[in-house]
>>> print(open('data15.cif').read())   # mmCIF, C-alpha atoms
data_coords
loop_
_atom_site.label_atom_id
_atom_site.label_comp_id
_atom_site.auth_asym_id
_atom_site.auth_seq_id
_atom_site.Cartn_x
_atom_site.Cartn_y
_atom_site.Cartn_z
CA MET A 1 -43.93 -49.84 59.62
CA ALA A 2 -46.57 -49.90 62.35
CA THR A 3 -48.58 -46.70 62.72
CA PHE A 4 -50.72 -45.82 65.72
CA ALA A 5 -53.08 -42.97 66.53
CA LEU A 6 -54.18 -42.00 70.03
CA VAL A 7 -57.49 -40.14 69.99
CA ASP A 8 -58.46 -38.45 73.24
CA VAL A 9 -61.54 -36.33 74.02
CA ASN A 10 -60.64 -32.92 75.46
CA SER A 11 -61.98 -32.49 79.03
CA PHE A 12 -64.32 -35.39 78.35
CA TYR A 13 -66.86 -35.04 81.19
CA CYS A 14 -67.10 -31.28 80.69
CA SER A 15 -67.34 -31.65 76.90
CA CYS A 16 -70.28 -34.06 77.32
CA GLU A 17 -72.09 -31.41 79.36
CA ARG A 18 -71.38 -28.78 76.71
CA VAL A 19 -72.79 -30.88 73.85
CA PHE A 20 -76.35 -30.44 75.06
CA ASP A 21 -76.15 -26.92 76.49
CA VAL A 22 -74.82 -24.37 74.03
CA ARG A 23 -74.75 -21.75 76.80
CA LEU A 24 -71.69 -23.52 78.22
CA GLN A 25 -69.44 -22.76 75.26
CA ASP A 26 -66.46 -20.65 76.39
CA VAL A 27 -67.79 -20.77 79.97
CA PRO A 28 -65.67 -22.35 82.75
CA VAL A 29 -67.13 -25.77 83.58
CA VAL A 30 -66.17 -28.35 86.21
CA VAL A 31 -67.53 -31.80 87.01
CA LEU A 32 -67.54 -33.06 90.59
CA SER A 33 -66.90 -36.48 92.09
CA ASN A 34 -69.39 -38.63 94.01
CA ASN A 35 -71.39 -36.67 96.56
CA ASP A 36 -70.25 -33.50 94.77
CA GLY A 37 -67.01 -33.71 96.73
CA CYS A 38 -64.00 -32.86 94.55
CA VAL A 39 -63.26 -31.45 91.11
CA ILE A 40 -62.50 -34.33 88.72
CA ALA A 41 -62.77 -32.54 85.35
CA ARG A 42 -62.12 -28.95 84.25
CA THR A 43 -62.30 -26.97 81.06
CA SER A 44 -59.40 -24.75 80.07
CA GLU A 45 -61.37 -21.71 81.27
CA ALA A 46 -61.72 -23.29 84.74
CA LYS A 47 -58.01 -24.12 84.82
CA ALA A 48 -57.21 -20.49 84.01
CA LEU A 49 -59.10 -19.45 87.14
CA GLY A 50 -56.74 -21.56 89.25
CA ILE A 51 -59.09 -24.46 89.99
CA LYS A 52 -56.94 -27.55 90.52
CA MET A 53 -57.77 -31.19 89.81
CA GLY A 54 -58.93 -33.03 92.92
CA GLU A 55 -59.57 -29.85 94.89
CA PRO A 56 -62.52 -30.11 97.33
CA TRP A 57 -65.49 -28.20 95.93
CA PHE A 58 -66.26 -26.43 99.22
CA LYS A 59 -62.81 -24.82 99.12
CA VAL A 60 -63.21 -23.33 95.64
CA ARG A 61 -66.97 -22.77 95.56
CA ASP A 62 -66.85 -19.07 96.37
CA MET A 63 -64.05 -18.40 93.90
CA ALA A 64 -65.87 -20.45 91.27
CA GLN A 65 -69.07 -18.48 91.75
CA ARG A 66 -67.20 -15.21 91.32
CA GLY A 67 -65.64 -16.57 88.13
CA GLY A 68 -68.95 -17.73 86.70
CA VAL A 69 -68.04 -21.42 86.88
CA LYS A 70 -70.80 -23.93 86.09
CA ALA A 71 -70.44 -27.05 88.25
CA TYR A 72 -72.09 -30.41 87.54
CA SER A 73 -72.47 -33.69 89.38
CA SER A 74 -70.99 -36.72 87.64
CA ASN A 75 -73.53 -38.04 85.11
CA TYR A 76 -72.05 -41.47 84.45
CA ALA A 77 -74.94 -42.68 82.30
CA LEU A 78 -74.47 -39.74 79.91
CA TYR A 79 -70.68 -40.06 79.82
CA ALA A 80 -70.71 -43.81 79.15
CA ASP A 81 -73.18 -43.43 76.28
CA MET A 82 -71.27 -40.54 74.71
CA SER A 83 -68.08 -42.58 74.99
CA GLN A 84 -69.70 -45.45 73.12
CA ARG A 85 -70.85 -43.11 70.37
CA CYS A 86 -67.35 -41.66 70.02
CA MET A 87 -65.74 -45.11 69.81
CA THR A 88 -68.25 -46.14 67.14
CA VAL A 89 -67.17 -43.20 64.99
CA LEU A 90 -63.48 -44.01 65.48
CA SER A 91 -64.01 -47.61 64.36
CA GLN A 92 -64.77 -46.27 60.87
CA PHE A 93 -61.18 -45.10 60.46
CA ALA A 94 -59.30 -48.24 61.49
CA SER A 95 -59.71 -51.99 61.28
CA SER A 96 -58.32 -52.37 64.81
CA VAL A 97 -59.27 -50.16 67.77
CA GLU A 98 -58.24 -50.46 71.42
CA VAL A 99 -60.57 -48.65 73.81
CA TYR A 100 -57.98 -47.61 76.37
CA SER A 101 -60.30 -45.65 78.68
CA ILE A 102 -63.69 -43.96 78.64
CA ASP A 103 -62.30 -41.00 76.68
CA GLU A 104 -59.39 -42.34 74.62
CA SER A 105 -58.61 -45.05 72.08
CA PHE A 106 -55.65 -46.34 70.14
CA LEU A 107 -56.19 -46.88 66.41
CA ALA A 108 -54.02 -48.99 64.10
CA LEU A 109 -53.47 -46.91 60.95
CA ASP A 110 -51.41 -49.50 59.06
CA GLY A 111 -52.24 -49.41 55.37
CA HIS A 112 -53.04 -45.71 55.24
CA ASP A 113 -50.97 -43.53 52.93
CA PRO A 114 -48.12 -42.13 55.10
CA ALA A 115 -48.36 -38.83 53.22
CA ARG A 116 -52.01 -38.44 54.31
CA LEU A 117 -51.71 -39.23 57.99
CA ALA A 118 -51.93 -35.60 59.16
CA SER A 119 -54.99 -34.94 56.99
CA LEU A 120 -56.49 -38.22 58.21
CA GLY A 121 -56.10 -36.94 61.78
CA GLY A 122 -58.00 -33.81 60.75
CA GLU A 123 -60.76 -35.94 59.24
CA ILE A 124 -61.05 -37.93 62.48
CA ARG A 125 -61.41 -34.74 64.50
CA ALA A 126 -63.97 -33.26 62.13
CA ARG A 127 -66.18 -36.35 62.00
CA VAL A 128 -66.17 -36.98 65.74
CA LEU A 129 -67.07 -33.33 66.32
CA GLN A 130 -69.81 -33.35 63.69
CA TRP A 131 -71.39 -36.65 64.73
CA THR A 132 -71.05 -36.41 68.53
CA GLY A 133 -70.21 -32.79 69.33
CA LEU A 134 -67.07 -33.87 71.19
CA PRO A 135 -63.69 -32.17 70.51
CA VAL A 136 -60.75 -34.57 70.30
CA GLY A 137 -56.98 -34.41 69.95
CA VAL A 138 -55.13 -36.83 67.67
CA GLY A 139 -51.56 -38.03 68.11
CA ILE A 140 -49.94 -40.17 65.40
CA ALA A 141 -46.64 -42.06 65.66
CA SER A 142 -44.87 -45.36 65.03
CA THR A 143 -45.43 -46.69 68.59
CA LYS A 144 -48.17 -46.41 71.20
CA THR A 145 -45.90 -44.52 73.62
CA LEU A 146 -44.95 -41.96 70.97
CA ALA A 147 -48.61 -41.69 69.91
CA LYS A 148 -49.45 -40.80 73.51
CA PHE A 149 -46.70 -38.19 73.46
CA ALA A 150 -47.97 -36.85 70.13
CA ASN A 151 -51.46 -36.53 71.59
CA HIS A 152 -49.99 -34.59 74.52
CA LEU A 153 -48.35 -32.20 72.03
CA ALA A 154 -51.59 -31.88 70.02
CA LYS A 155 -53.32 -30.54 73.13
CA LYS A 156 -50.49 -28.60 74.80
CA HIS A 157 -47.90 -27.40 72.26
CA PRO A 158 -48.66 -24.12 70.44
CA ALA A 159 -47.34 -25.50 67.16
CA PHE A 160 -49.96 -28.27 67.11
CA THR A 161 -52.94 -27.06 69.15
CA PRO A 162 -54.53 -24.98 66.35
CA ALA A 163 -55.00 -28.13 64.26
CA GLY A 164 -55.42 -30.47 67.23
CA VAL A 165 -53.29 -33.05 65.40
CA CYS A 166 -49.64 -34.02 65.86
CA ASN A 167 -48.06 -36.49 63.44
CA LEU A 168 -44.62 -37.34 64.81
CA ILE A 169 -43.81 -39.47 61.77
CA ASP A 170 -43.45 -36.23 59.77
CA VAL A 171 -41.39 -34.47 62.45
CA PRO A 172 -37.63 -34.32 61.64
CA PRO A 173 -35.40 -36.13 64.21
CA ALA A 174 -33.70 -32.89 65.33
CA ARG A 175 -37.05 -31.25 66.09
CA LEU A 176 -38.31 -34.37 67.87
CA ASP A 177 -35.22 -34.21 70.09
CA LYS A 178 -36.08 -30.62 71.02
CA LEU A 179 -39.67 -31.56 71.80
CA LEU A 180 -38.54 -34.41 74.04
CA ALA A 181 -35.94 -32.25 75.74
CA ALA A 182 -38.66 -29.74 76.65
CA THR A 183 -40.86 -32.47 78.15
CA SER A 184 -40.70 -33.79 81.70
CA THR A 185 -40.37 -37.56 82.10
CA GLU A 186 -43.54 -37.31 84.18
CA ASP A 187 -45.47 -36.55 80.98
CA ILE A 188 -44.35 -39.77 79.29
CA TRP A 189 -46.92 -42.56 79.34
CA GLY A 190 -46.22 -45.03 82.14
CA VAL A 191 -43.66 -42.96 84.05
CA GLY A 192 -45.64 -40.86 86.53
CA ARG A 193 -44.61 -38.51 89.31
CA ARG A 194 -42.85 -40.91 91.70
CA LEU A 195 -40.77 -42.65 89.04
CA SER A 196 -39.98 -39.27 87.49
CA ALA A 197 -38.50 -38.12 90.82
CA ARG A 198 -36.36 -41.24 91.03
CA LEU A 199 -35.13 -40.71 87.48
CA ALA A 200 -34.32 -37.06 88.19
CA ALA A 201 -32.20 -38.15 91.14
CA GLN A 202 -30.16 -40.21 88.66
CA GLY A 203 -29.75 -37.22 86.33
CA ILE A 204 -32.54 -38.19 83.91
CA GLU A 205 -34.58 -35.00 84.04
CA ASP A 206 -36.35 -34.86 80.67
CA ALA A 207 -37.87 -37.20 78.09
CA LEU A 208 -34.87 -36.94 75.74
CA ALA A 209 -32.51 -38.07 78.49
CA LEU A 210 -34.84 -40.98 79.25
CA ARG A 211 -34.98 -42.06 75.61
CA ASP A 212 -31.20 -42.01 75.33
CA ALA A 213 -30.54 -43.75 78.65
CA PRO A 214 -28.93 -47.24 78.45
CA ALA A 215 -31.91 -49.59 78.18
CA ASP A 216 -30.17 -52.54 79.84
CA GLN A 217 -29.22 -50.46 82.86
CA ILE A 218 -32.75 -49.07 83.13
CA ARG A 219 -34.10 -52.61 83.11
CA THR A 220 -31.72 -53.68 85.88
CA ARG A 221 -32.29 -50.61 88.07
CA TYR A 222 -36.01 -50.08 87.46
CA SER A 223 -38.06 -52.59 85.43
CA VAL A 224 -38.59 -54.25 82.09
CA VAL A 225 -41.66 -52.03 81.69
CA LEU A 226 -39.55 -48.86 81.71
CA GLU A 227 -37.10 -50.52 79.32
CA ARG A 228 -39.99 -51.08 76.89
CA THR A 229 -40.97 -47.44 77.28
CA ILE A 230 -37.46 -46.40 76.22
CA LEU A 231 -37.53 -48.74 73.21
CA GLU A 232 -40.94 -47.38 72.21
CA MET A 233 -39.61 -43.82 72.45
CA ARG A 234 -36.87 -44.90 70.02
CA GLY A 235 -39.50 -46.07 67.54
CA VAL A 236 -39.35 -49.79 68.34
CA SER A 237 -42.94 -51.01 68.72
CA CYS A 238 -43.21 -53.24 71.80
CA LEU A 239 -46.90 -52.79 72.64
CA ALA A 240 -49.57 -54.20 70.35
CA LEU A 241 -53.21 -53.13 70.31
CA GLU A 242 -55.46 -54.95 72.75
CA GLU A 243 -58.67 -55.15 70.72
CA VAL A 244 -60.46 -57.35 73.26
CA MET A 245 -60.50 -56.00 76.78
CA PRO A 246 -59.42 -58.72 79.25
CA ASP A 247 -62.05 -59.85 81.71
CA ARG A 248 -61.80 -58.29 85.14
CA LYS A 249 -60.16 -60.37 87.85
CA GLU A 250 -62.48 -58.83 90.42
CA ILE A 251 -65.46 -56.50 90.33
CA VAL A 252 -65.97 -53.78 92.94
CA VAL A 253 -68.96 -51.48 93.40
CA SER A 254 -68.77 -48.98 96.24
CA ARG A 255 -70.13 -45.54 97.05
CA SER A 256 -69.91 -42.95 99.77
CA PHE A 257 -73.32 -42.25 101.26
CA GLY A 258 -75.06 -38.93 100.78
CA ARG A 259 -75.45 -38.72 104.55
CA PRO A 260 -74.27 -40.86 107.50
CA VAL A 261 -76.18 -44.16 107.74
CA VAL A 262 -76.89 -45.66 111.16
CA GLU A 263 -79.68 -48.19 110.55
CA LEU A 264 -79.06 -51.76 109.42
CA HIS A 265 -81.99 -51.78 106.99
CA GLU A 266 -80.54 -48.79 105.11
CA LEU A 267 -77.12 -50.40 104.94
CA ARG A 268 -78.79 -53.55 103.63
CA GLU A 269 -80.49 -51.57 100.86
CA ALA A 270 -77.16 -50.03 99.83
CA VAL A 271 -75.26 -53.32 99.88
CA ALA A 272 -78.04 -55.08 97.97
CA SER A 273 -77.99 -52.32 95.35
CA TYR A 274 -74.21 -52.56 94.99
CA ALA A 275 -74.36 -56.36 94.69
CA THR A 276 -77.06 -56.01 92.03
CA ARG A 277 -74.89 -53.63 90.03
CA ALA A 278 -71.85 -55.88 90.44
CA SER A 279 -73.86 -58.86 89.18
CA GLU A 280 -74.80 -56.89 86.05
CA LYS A 281 -71.13 -56.21 85.33
CA LEU A 282 -70.30 -59.86 85.97
CA ARG A 283 -72.92 -61.14 83.51
CA ARG A 284 -71.76 -58.62 80.92
CA GLN A 285 -68.40 -60.41 80.78
CA ALA A 286 -70.15 -63.82 80.88
CA GLY A 287 -68.53 -64.64 84.21
CA ALA A 288 -69.40 -66.25 87.50
CA ALA A 289 -68.17 -65.39 91.00
CA GLY A 290 -67.00 -67.86 93.60
CA GLY A 291 -67.33 -65.48 96.52
CA VAL A 292 -68.64 -62.12 97.71
CA SER A 293 -66.82 -59.67 99.96
CA VAL A 294 -68.43 -56.70 101.75
CA PHE A 295 -66.69 -53.80 103.47
CA LEU A 296 -67.91 -50.72 105.29
CA HIS A 297 -66.43 -47.93 107.36
CA THR A 298 -67.22 -44.71 109.15
CA ASN A 299 -65.95 -41.27 108.21
CA LEU A 300 -62.16 -41.12 108.52
CA PHE A 301 -62.00 -37.33 108.55
CA ASN A 302 -64.22 -36.22 111.42
CA ASP A 303 -64.54 -36.88 115.14
CA ASP A 304 -67.10 -39.72 114.87
CA PRO A 305 -66.15 -43.02 116.54
CA ARG A 306 -64.13 -45.06 114.06
CA TYR A 307 -65.09 -48.49 112.75
CA SER A 308 -63.93 -50.34 109.65
CA ALA A 309 -64.42 -53.98 108.75
CA SER A 310 -64.76 -56.44 105.88
CA THR A 311 -65.64 -60.08 105.42
CA ALA A 312 -66.22 -62.56 102.61
CA VAL A 313 -68.76 -65.28 101.90
CA GLN A 314 -67.80 -68.26 99.74
CA LEU A 315 -70.53 -69.54 97.43
CA VAL A 316 -71.33 -73.24 97.19
CA GLU A 317 -70.76 -72.99 93.44
CA PRO A 318 -69.80 -70.05 91.19
CA SER A 319 -72.79 -67.93 90.25
CA ALA A 320 -73.87 -64.82 88.36
CA ASP A 321 -77.40 -65.00 89.74
CA MET A 322 -78.35 -61.62 91.18
CA ARG A 323 -80.41 -63.24 93.93
CA GLU A 324 -77.58 -65.45 95.17
CA LEU A 325 -75.03 -62.63 95.10
CA VAL A 326 -77.36 -60.21 96.89
CA GLY A 327 -78.15 -62.87 99.48
CA ALA A 328 -74.47 -63.55 100.11
CA ALA A 329 -73.71 -59.82 100.38
CA CYS A 330 -76.51 -59.26 102.89
CA ALA A 331 -75.33 -62.24 104.93
CA ALA A 332 -71.82 -60.75 105.01
CA LEU A 333 -73.21 -57.37 106.07
CA GLN A 334 -75.07 -58.99 108.95
CA ARG A 335 -71.73 -60.20 110.32
CA LEU A 336 -70.13 -56.77 110.00
CA PHE A 337 -72.81 -54.44 111.30
CA ARG A 338 -72.25 -52.84 114.69
CA PRO A 339 -74.92 -50.51 116.07
CA GLY A 340 -73.98 -47.06 117.33
CA TYR A 341 -71.77 -46.02 114.40
CA ARG A 342 -72.39 -43.48 111.63
CA TYR A 343 -71.36 -45.29 108.47
CA ALA A 344 -69.98 -43.24 105.57
CA LYS A 345 -69.27 -45.85 102.91
CA ALA A 346 -69.88 -49.47 101.96
CA GLY A 347 -68.89 -51.66 99.04
CA VAL A 348 -69.25 -55.08 97.46
CA MET A 349 -66.48 -57.06 95.74
CA LEU A 350 -67.02 -60.19 93.65
CA LEU A 351 -64.17 -62.66 94.02
CA ASP A 352 -62.76 -65.74 92.27
CA LEU A 353 -64.15 -64.76 88.87
CA ALA A 354 -64.17 -67.32 86.07
CA PRO A 355 -66.03 -67.83 82.76
CA ALA A 356 -69.56 -69.01 83.50
CA ALA A 357 -69.39 -71.55 80.66
CA ILE A 358 -66.64 -73.58 82.33
CA ARG A 359 -67.61 -73.30 85.98
CA GLN A 360 -67.57 -76.43 88.15
CA GLU A 361 -71.09 -77.33 89.26
CA THR A 362 -72.08 -79.44 92.28
CA LEU A 363 -74.36 -82.45 92.43
CA TRP A 364 -76.97 -80.49 94.35
CA SER A 365 -77.10 -77.10 92.77
CA PRO A 366 -78.27 -74.25 95.06
CA SER A 367 -79.82 -72.42 92.10
CA LEU A 368 -83.15 -70.80 92.94
CA SER A 369 -84.80 -71.73 89.65
CA ARG A 370 -84.42 -74.36 86.96
CA ASP A 371 -82.63 -71.96 84.64
CA PRO A 372 -81.27 -68.96 86.55
CA ALA A 373 -79.27 -67.83 83.51
CA ALA A 374 -82.46 -67.43 81.47
CA LEU A 375 -84.08 -65.46 84.29
CA MET A 376 -81.07 -63.15 84.54
CA ARG A 377 -81.11 -62.59 80.77
CA ALA A 378 -84.75 -61.57 81.05
CA VAL A 379 -83.99 -59.21 83.96
CA ASP A 380 -81.07 -57.63 82.11
CA GLY A 381 -83.13 -57.26 78.95
CA ILE A 382 -85.99 -55.50 80.74
CA ASN A 383 -83.63 -53.21 82.65
CA LYS A 384 -81.83 -52.32 79.43
CA ARG A 385 -85.09 -51.37 77.72
CA MET A 386 -86.91 -49.78 80.63
CA GLY A 387 -84.03 -48.34 82.66
CA ARG A 388 -81.62 -49.66 85.28
CA GLY A 389 -83.37 -50.78 88.45
CA THR A 390 -86.75 -51.43 86.84
CA LEU A 391 -86.42 -55.01 88.08
CA ARG A 392 -84.41 -55.49 91.26
CA THR A 393 -84.48 -57.45 94.49
CA ALA A 394 -86.75 -56.28 97.28
CA ALA A 395 -83.68 -55.94 99.50
CA ALA A 396 -82.48 -53.02 97.36
CA GLY A 397 -85.44 -50.93 98.54
CA GLN A 398 -87.06 -47.90 96.91
CA ARG A 399 -86.53 -44.81 99.06
CA ARG A 400 -82.72 -44.86 99.07
CA ALA A 401 -82.25 -41.87 101.33
CA TRP A 402 -78.63 -43.04 101.66
CA SER A 403 -77.88 -42.44 97.96
CA MET A 404 -74.96 -40.18 97.13
CA ARG A 405 -75.68 -36.49 96.70
CA ARG A 406 -75.92 -35.32 93.10
CA GLN A 407 -77.54 -31.93 93.48
CA ARG A 408 -76.03 -30.59 90.26
CA LEU A 409 -76.92 -33.51 87.99
CA SER A 410 -77.65 -32.74 84.36
CA PRO A 411 -80.34 -34.67 82.45
CA CYS A 412 -79.51 -38.08 80.95
CA TYR A 413 -79.99 -36.67 77.46
CA THR A 414 -79.19 -39.85 75.53
CA THR A 415 -80.33 -42.67 77.82
CA ARG A 416 -83.69 -41.59 79.27
CA TRP A 417 -86.69 -40.77 77.10
CA GLN A 418 -88.02 -38.02 79.34
CA ASP A 419 -84.61 -36.27 79.22
CA VAL A 420 -84.25 -36.21 75.43
CA PRO A 421 -83.83 -32.56 74.35
CA MET A 422 -86.80 -31.06 72.51
CA ALA A 423 -86.55 -28.60 69.65
CA ARG A 424 -89.26 -25.97 69.80
CA ALA A 425 -90.37 -23.74 66.93
#
>>> encode(input="data15.cif", output="structure tokens")
Amino acid sequence: MATFALVDVNSFYCSCERVFDVRLQDVPVVVLSNNDGCVIARTSEAKALGIKMGEPWFKVRDMAQRGGVKAYSSNYALYADMSQRCMTVLSQFASSVEVYSIDESFLALDGHDPARLASLGGEIRARVLQWTGLPVGVGIASTKTLAKFANHLAKKHPAFTPAGVCNLIDVPPARLDKLLAATSTEDIWGVGRRLSARLAAQGIEDALALRDAPADQIRTRYSVVLERTILEMRGVSCLALEEVMPDRKEIVVSRSFGRPVVELHELREAVASYATRASEKLRRQAGAAGGVSVFLHTNLFNDDPRYSASTAVQLVEPSADMRELVGAACAALQRLFRPGYRYAKAGVMLLDLAPAAIRQETLWSPSLSRDPAALMRAVDGINKRMGRGTLRTAAAGQRRAWSMRRQRLSPCYTTRWQDVPMARA
């Protein structure tokens, strides 16, 4: 029988902040979105104060200050590195691991003694906590959908939260029915709020009713995806682990500006920076782009004059060369720019992605050097060792007054030498 575990870090962004600042233990902590706009992560203490996910920070700032809440800007470099460390630990417990998101992974536990699965979940929690400082919940079941549900119980249900582990394989069928009956369909992986409302209108108001619904009728009325969800809830494994993440079909890098931007040269710096970052992601998956799209718009929520536009530039041949992609993005921006507007956001999208190894070249290559791939490898290698942006195009600029606001940013404890914590006698 197939056996899956879903391991999920509790309040991941907030937990990363707590690892390096012991003063944050048992203190309400929130992490804010780009430009310190909205709450995107909360600890249980912050939830207890009534702070909701997605709530604008300016609306809850006073209440948060009264409640002693510590707020942080999103520190993506720290979070990505801590995620990698966590996944490395998890790979020691399973031959196959699917990194599902930055803070959760599916593990294949086939071959482990079924009688030891609960204790194995405890070992996973203990080692991740000891080696990374991150608290995790572990859900174990015979399918990925049930493992997701088990993880939900491990973090929410009083019977499982003390251990932080829920092994549904050991749960008697009658008790599993009660657990499902007490769970909204919205809390089942892949259902969501809108589909849950549609199901409720048909009399399917809880997870038990969904599991027991006629699968063929669900497929006809809704989708084959929901039918698979029902089969998975019945213990029929329909979803295998995806050990290799599929290459992206498109790559987008966009940011809201820290302040309104009105000058073309500042917009050019931003777009060049975004194209540079997109090219790094493209080379990481060994791909090449056939085109570059740029978009920009003004603030949609104030009284400024409105303007929104996008355009695309097709490349002569697919490329992952930072210089070509930045050049194409800047050319697209030149078409879009209109003076007299206060721009709030811009973005770059790489289109028509394909493996670089099988791209179709032209007789007269537009490459800017004899071996652009070698040059890009050198650039990526230096930036990896010395820090992102050490080598960049001149168009990306240096001052970057347009950069997003991150006034509450914590140090990059694990990725920048000058931010490494120091132990003092």
>>> closest_atom_pairs(input="data15.cif", of="stretch 6-55 of chain A", to="stretch 59-62 of chain A", cutoff="10 Å", atoms="only C-alpha atoms", output="CSV")
residue,atom,partner,partner_atom,distance
A:Cys38,CA,A:Lys59,CA,9.3
A:Val39,CA,A:Val60,CA,9.3
A:Gly50,CA,A:Val60,CA,9.3
A:Ile51,CA,A:Val60,CA,7.1
A:Lys52,CA,A:Val60,CA,9.1
A:Glu55,CA,A:Lys59,CA,7.3
>>> atom_distance(input="data15.cif", atom1="atom CA of A:Glu232", atom2="atom CA of A:Lys144")
7.4 Å
>>> residues_near_point(input="data15.cif", point="(-43.9, -38.8, 61.1)", cutoff="9 Å", atoms="all atoms listed in the file", output="list in words")
Pro114, Leu117, Ala118, Ile140, Ala141, Ser142, Cys166, Asn167, Leu168, Ile169, Asp170, Val171 and Pro172 of chain A
>>> residues_around(input="data15.cif", residues="stretch 64-77 of chain A", least_positions_apart="3", cutoff="6 Å", atoms="all atoms listed in the file", output="count of residues only")
12
>>> atom_distance(input="data15.cif", atom1="atom CA of A:Ala309", atom2="atom CA of A:Gly287")
27.1 Å
>>> resolve_selection(input="data15.cif", expression="the PyMOL selection byres ((chain A and resi 196) around 9)", output="VMD selection string")
chain A and resid 184 to 187 191 to 195 197 to 201 204 to 206
>>> resolve_selection(input="data15.cif", expression="the PyMOL selection byres ((chain A and resi 264) around 10)", output="ChimeraX atom specification")
/A:261-263,265-270,333-334,337-339
>>> atom_distance(input="data15.cif", atom1="atom CA of A:Ala154", atom2="atom CA of A:Leu179")
12.1 Å
>>> resolve_selection(input="data15.cif", expression="the PyMOL selection byres ((chain A and resi 153) around 12)", output="ChimeraX atom specification")
/A:6,8,137-141,146-152,154-168,176,179-180,182-183,187-188
